[in-house]
Number of protein chains: 2
Amino acid sequence: MHLFTSKFVEAPEAVTELPGSVTTPDGFFASGIAAGIKKSGKRDLGLLICKNPTSSAVMLTRNAAEAAPVTVCKSDIVLKAVQGIIVNSGSANACTGDDGIGDAREMVKLASASSQVEPSRMAVASTGVIGQKLAMDRVVSGIAEAISELSEHGGNDFADAIMTTDTLEKKGAVEIELSGGKVHIGACAKGAGMIAPNMATMLAFITTDVVAPSDMLHEMLGKAAGESFNSVSVDGDMSTNDCVFMISSGKSGVALEPGSEDLELFTTALGAVCKGLALKMVADGEGATKVVELTVQGARDEGEAARVARAISLSSLVRTAFFGRDANWGRLIASAGAALAGESKLEADIFYEEVCLTSGGAAIEDPVDELRLEEIMAADEIAVTLDLHRGDSEYKIYFSDLTHEYVTINAEYTT
Amino acid sequence: MHLFTSKFVEAPEAVTELPGSVTTPDGFFASGIAAGIKKSGKRDLGLLICKNPTSSAVMLTRNAAEAAPVTVCKSDIVLKAVQGIIVNSGSANACTGDDGIGDAREMVKLASASSQVEPSRMAVASTGVIGQKLAMDRVVSGIAEAISELSEHGGNDFADAIMTTDTLEKKGAVEIELSGGKVHIGACAKGAGMIAPNMATMLAFITTDVVAPSDMLHEMLGKAAGESFNSVSVDGDMSTNDCVFMISSGKSGVALEPGSEDLELFTTALGAVCKGLALKMVADGEGATKVVELTVQGARDEGEAARVARAISLSSLVRTAFFGRDANWGRLIASAGAALAGESKLEADIFYEEVCLTSGGAAIEDPVDELRLEEIMAADEIAVTLDLHRGDSEYKIYFSDLTHEYVTINAEYTT
């Protein structure tokens, strides 16, 4: 019951949050065990399967240094009909050469062997340190254990097994009242390195019992991801291991028809689930104390709005100012101006929540309500609006502040 | 005698470092006084002039939110014949609307009034907090004092007066033995927010007594800046206030002829001076403990090499790893792969100094000399090479690590 905790997520009335995650929708079995890949001894191997034929949609990283499991998913797996996923944390199996490809294939083979899922339907994912080979002896015995532990209530263990530096749980489930009956979405994700998300692995697993063909799932997932995972993924780029998997068991018997209100409602619900997960990633951005929703509006087109929004969200000067509770709008203007270098003079307005601090590119003359501003800057979530006054397009992005804790975590991660 | 302290700068034999800065070349007068613009009471107003006609070259920010002094330089000043510069620190006079433009014009007028320099030859620059109006009463009395303090030995005071969060001095002078006689270059700069340099003001002032027309100065300065200030300016973008000014008094009587060896030698010397200043900015990157020289080679073209180099140098994950003395090459690969998203599989080599850690995109099989690697990672300066194996082009960039001190400085700067 902890998915919709941010003020930036709105779920429709017909959507009810449930406790649970990927095994909440009917037809899914999961497990998460400690195979000994992580030095900490925590859960590090997860298995998720659906025993009946399914439809699915998969988004894989476009990073030119894609990890071995990504290569294997692209080359060996029927991505429209994924029935199972074997995933490990602790080691990314990236930059591991041909041996890494062999290890990823071995994971697929072992996971499919005793779980009634064809190898071509068993996807594979990894997250963790880049450039280390998987300890395959541990993975082999781990997979055997993960298969024996598969359960309709294994969603939470699976969610635990995919975490690396995460400190917040990122999972949840909803029930949606469609005209044809109740359907469910369950989900979990990992990802916490939100300062430069293009380099931080993000994995998300979404299950549902609605009946929908894979093309429909793919379209819905693309839209939902665009407004969630990709709006925190600052560069539009993805890490070596990023993946989003969505699998439908169809077990509810309730079908989504093209153009229907049910389809619209389900899409909205999926969007809220993805945004809930994505905002938890931002809030869990390593060392983060705040989430900022930045809306860049008044741009000539969405690309321009996105370019400015991304530049600002990447600025360490902007992000440390939020950590310092300092409404330092000058840093936003400087960053926006750099993103629009060589173009006509920027005459932007900036609002922190409802408080205007800059109008037409210059500091406002009227006295600012300093008490209200202090209250805004002290909050966990801050909405900031930058109006470029150049057109009608807008783009929203979510980012965290940059803190001492971030430096500590990332200076000490591998060694 | 502190300009060429980095192992990454090489000065030709005919170039001798001298104590001093912008007043070392013949014909220049400078001062730097405390006008009370900075709360700290430190020097915050500088004046540099050459009483005789000059040639000059000026590079101004392309930021779309350019500061008022930049606008005034572009609209009012003869940039090929600048004879004087009035500069303040403490307040950037950016995002200050029409009043800011008026204030910058007033600075020009006052500085030229009693200093024998035409207003159209008196450039103006500011650095400091964005969005605050200049305290013009203090500026007015300060300029009067700065004029009365002008001296042939005022270079150091001038250099002090342009600093904001800088903790290292960035100034120096050289004598160059040309075939026609000795000439000099003096210089000072400010800039320390190197984590996102596109948003950190960089000001540089370079003087010389060589005889050279402004077009020649402009060409030399463009080349020198490209391999120095612009190779630490991660985005190629510049802040609202960035400027580089180069003024020649011609007082040596020694002229540079097109195509001559003297011209080549002078250009090399100027390059070394600019690189010396730029590397001091990186080393003084707020809270920085290390300078990394990253060479991306084997790229299809220089643009591709630059794109990859900038992505890596901007990565907070990469930069915190250097702070942690962690040769975490996986983060470099991930960042390079993201910069080349959608392209063919990246099969790069990575070297930390002479130690190879990755070959063909995978971790090397041979054991690494861990003691040597530890020594490399503990050094103040680290050369890292990434070979993409895609072509023959290369690009060098210099960046600092990301530290706790950076967060402290930038979370607390304005309020």
# chains A, B, ... in the order shown; residues from 1 in each chain; ligands from 1
$ closest_atom_pairs --of "chain B" --to "chain A" --cutoff "7 Å" --atoms "only C-alpha atoms" --output "CSV"
residue,atom,partner,partner_atom,distance
B:Arg62,CA,A:Gly342,CA,5.0
B:Asn63,CA,A:Ala341,CA,4.4
B:Ala64,CA,A:Gly337,CA,4.3
B:Ala65,CA,A:Gly337,CA,4.7
B:Cys95,CA,A:Ala362,CA,4.2
B:Thr96,CA,A:Ala362,CA,4.8
B:Gly97,CA,A:Ala362,CA,5.0
B:Ile130,CA,A:Gly330,CA,4.9
B:Gly131,CA,A:Ala363,CA,5.5
B:Ile195,CA,A:Ser316,CA,6.8
B:Ala196,CA,A:Ser315,CA,6.3
B:Asn198,CA,A:Ala338,CA,6.6
B:Met199,CA,A:Ala334,CA,5.9
B:Asp237,CA,A:Ala338,CA,5.4
B:Met238,CA,A:Ala338,CA,6.1
B:Ser239,CA,A:Ala334,CA,6.1
B:Thr240,CA,A:Ala334,CA,5.8
B:Ser315,CA,A:Ala196,CA,6.4
B:Ser316,CA,A:Ala196,CA,6.5
B:Leu317,CA,A:Asn410,CA,6.4
B:Thr320,CA,A:Ala411,CA,4.9
B:Ala321,CA,A:Ala411,CA,4.8
B:Phe323,CA,A:Ala411,CA,6.1
B:Gly324,CA,A:Ala411,CA,4.2
B:Asp326,CA,A:Thr415,CA,6.5
B:Gly330,CA,A:Ile130,CA,5.0
B:Ile333,CA,A:Ala65,CA,6.8
B:Ala334,CA,A:Thr240,CA,5.8
B:Ser335,CA,A:Met199,CA,6.0
B:Gly337,CA,A:Ala64,CA,4.3
B:Ala338,CA,A:Asn63,CA,4.8
B:Leu340,CA,A:Ala64,CA,5.7
B:Ala341,CA,A:Asn63,CA,4.5
B:Gly342,CA,A:Arg62,CA,5.0
B:Glu343,CA,A:Ala64,CA,5.7
B:Ser344,CA,A:Ala64,CA,6.1
B:Lys345,CA,A:Ala64,CA,4.9
B:Leu346,CA,A:Ala65,CA,5.1
B:Gly361,CA,A:Cys95,CA,5.5
B:Ala362,CA,A:Cys95,CA,4.3
B:Ala363,CA,A:Gly131,CA,5.5
B:Thr403,CA,A:Val407,CA,6.1
B:His404,CA,A:His404,CA,5.4
B:Val407,CA,A:Thr320,CA,6.0
B:Asn410,CA,A:Thr320,CA,5.8
B:Ala411,CA,A:Gly324,CA,4.1
B:Glu412,CA,A:Gly324,CA,6.0
B:Thr415,CA,A:Asp326,CA,6.5
$ residues_around --residues "segment 108-115 of chain B" --least-positions-apart "6" --cutoff "10 Å" --atoms "only C-alpha atoms" --output "ChimeraX atom specification"
/B:47-51,69,72-73,76-77,83-87,102,121-125,139-144,146-148,150
$ select_by_dssp --residues "segment 97-223 of chain A" --states "alpha helix (DSSP H)" --output "JSON, numbers by chain"
{"A": [97, 98, 99, 100, 101, 102, 103, 104, 105, 106, 107, 108, 109, 110, 111, 112, 113, 136, 137, 138, 139, 140, 141, 142, 143, 144, 145, 146, 147, 148, 155, 156, 157, 158, 159, 160, 161, 214, 215, 216, 217, 218, 219, 220, 221, 222, 223]}
$ closest_residue --among "A:Thr23, A:Val384, A:Val82, A:Glu13" --to "Val291 of chain A" --atoms "only C-alpha atoms"
A:Val384
$ residues_around --residues "Asp387 of chain A" --least-positions-apart "4" --cutoff "6 Å" --atoms "only C-alpha atoms" --output "JSON, numbers by chain"
{"A": [296, 297, 298, 348, 349]}
$ closest_residue --among "B:Glu145, B:Glu257, B:Asp209, B:Glu118" --to "Thr24 of chain B" --atoms "only C-alpha atoms"
B:Asp209
$ residues_around --residues "Gly191 of chain A" --least-positions-apart "3" --cutoff "8 Å" --atoms "only C-alpha atoms" --output "ChimeraX atom specification"
/A:163-166,194,200-203,281,284-285
$ write_last_selection --atoms "C-alpha atoms" --output "PDB file, in the first residue's frame"
ATOM      1  CA  MET A 163      17.846  -4.520  -5.199  1.00  0.00           C
ATOM      2  CA  THR A 164      21.428  -3.187  -5.112  1.00  0.00           C
ATOM      3  CA  THR A 165      22.021   0.198  -3.465  1.00  0.00           C
ATOM      4  CA  ASP A 166      18.254   0.723  -3.115  1.00  0.00           C
ATOM      5  CA  MET A 194      19.389   8.799 -10.040  1.00  0.00           C
ATOM      6  CA  ALA A 200      22.364   3.690 -13.221  1.00  0.00           C
ATOM      7  CA  THR A 201      20.679   0.415 -13.894  1.00  0.00           C
ATOM      8  CA  MET A 202      16.920   0.504 -13.783  1.00  0.00           C
ATOM      9  CA  LEU A 203      15.006  -2.748 -13.884  1.00  0.00           C
ATOM     10  CA  MET A 281      13.612   5.681  -7.717  1.00  0.00           C
ATOM     11  CA  ASP A 284      15.750   6.842  -3.391  1.00  0.00           C
ATOM     12  CA  GLY A 285      18.275   8.589  -5.650  1.00  0.00           C
TER      13      GLY A 285
END
$ closest_residue --among "B:Asp242, B:Asp380, B:Glu375, B:Glu175" --to "Pro12 of chain B" --atoms "only C-alpha atoms"
B:Glu175
$ closest_residue --among "B:Lys190, B:Lys396, B:Pro53, B:Gln116" --to "Asn88 of chain B" --atoms "only C-alpha atoms"
B:Lys190
$ closest_residue --among "B:Ser126, B:Ser313, B:Ser31, B:Thr167" --to "Gly287 of chain B" --atoms "only C-alpha atoms"
B:Thr167
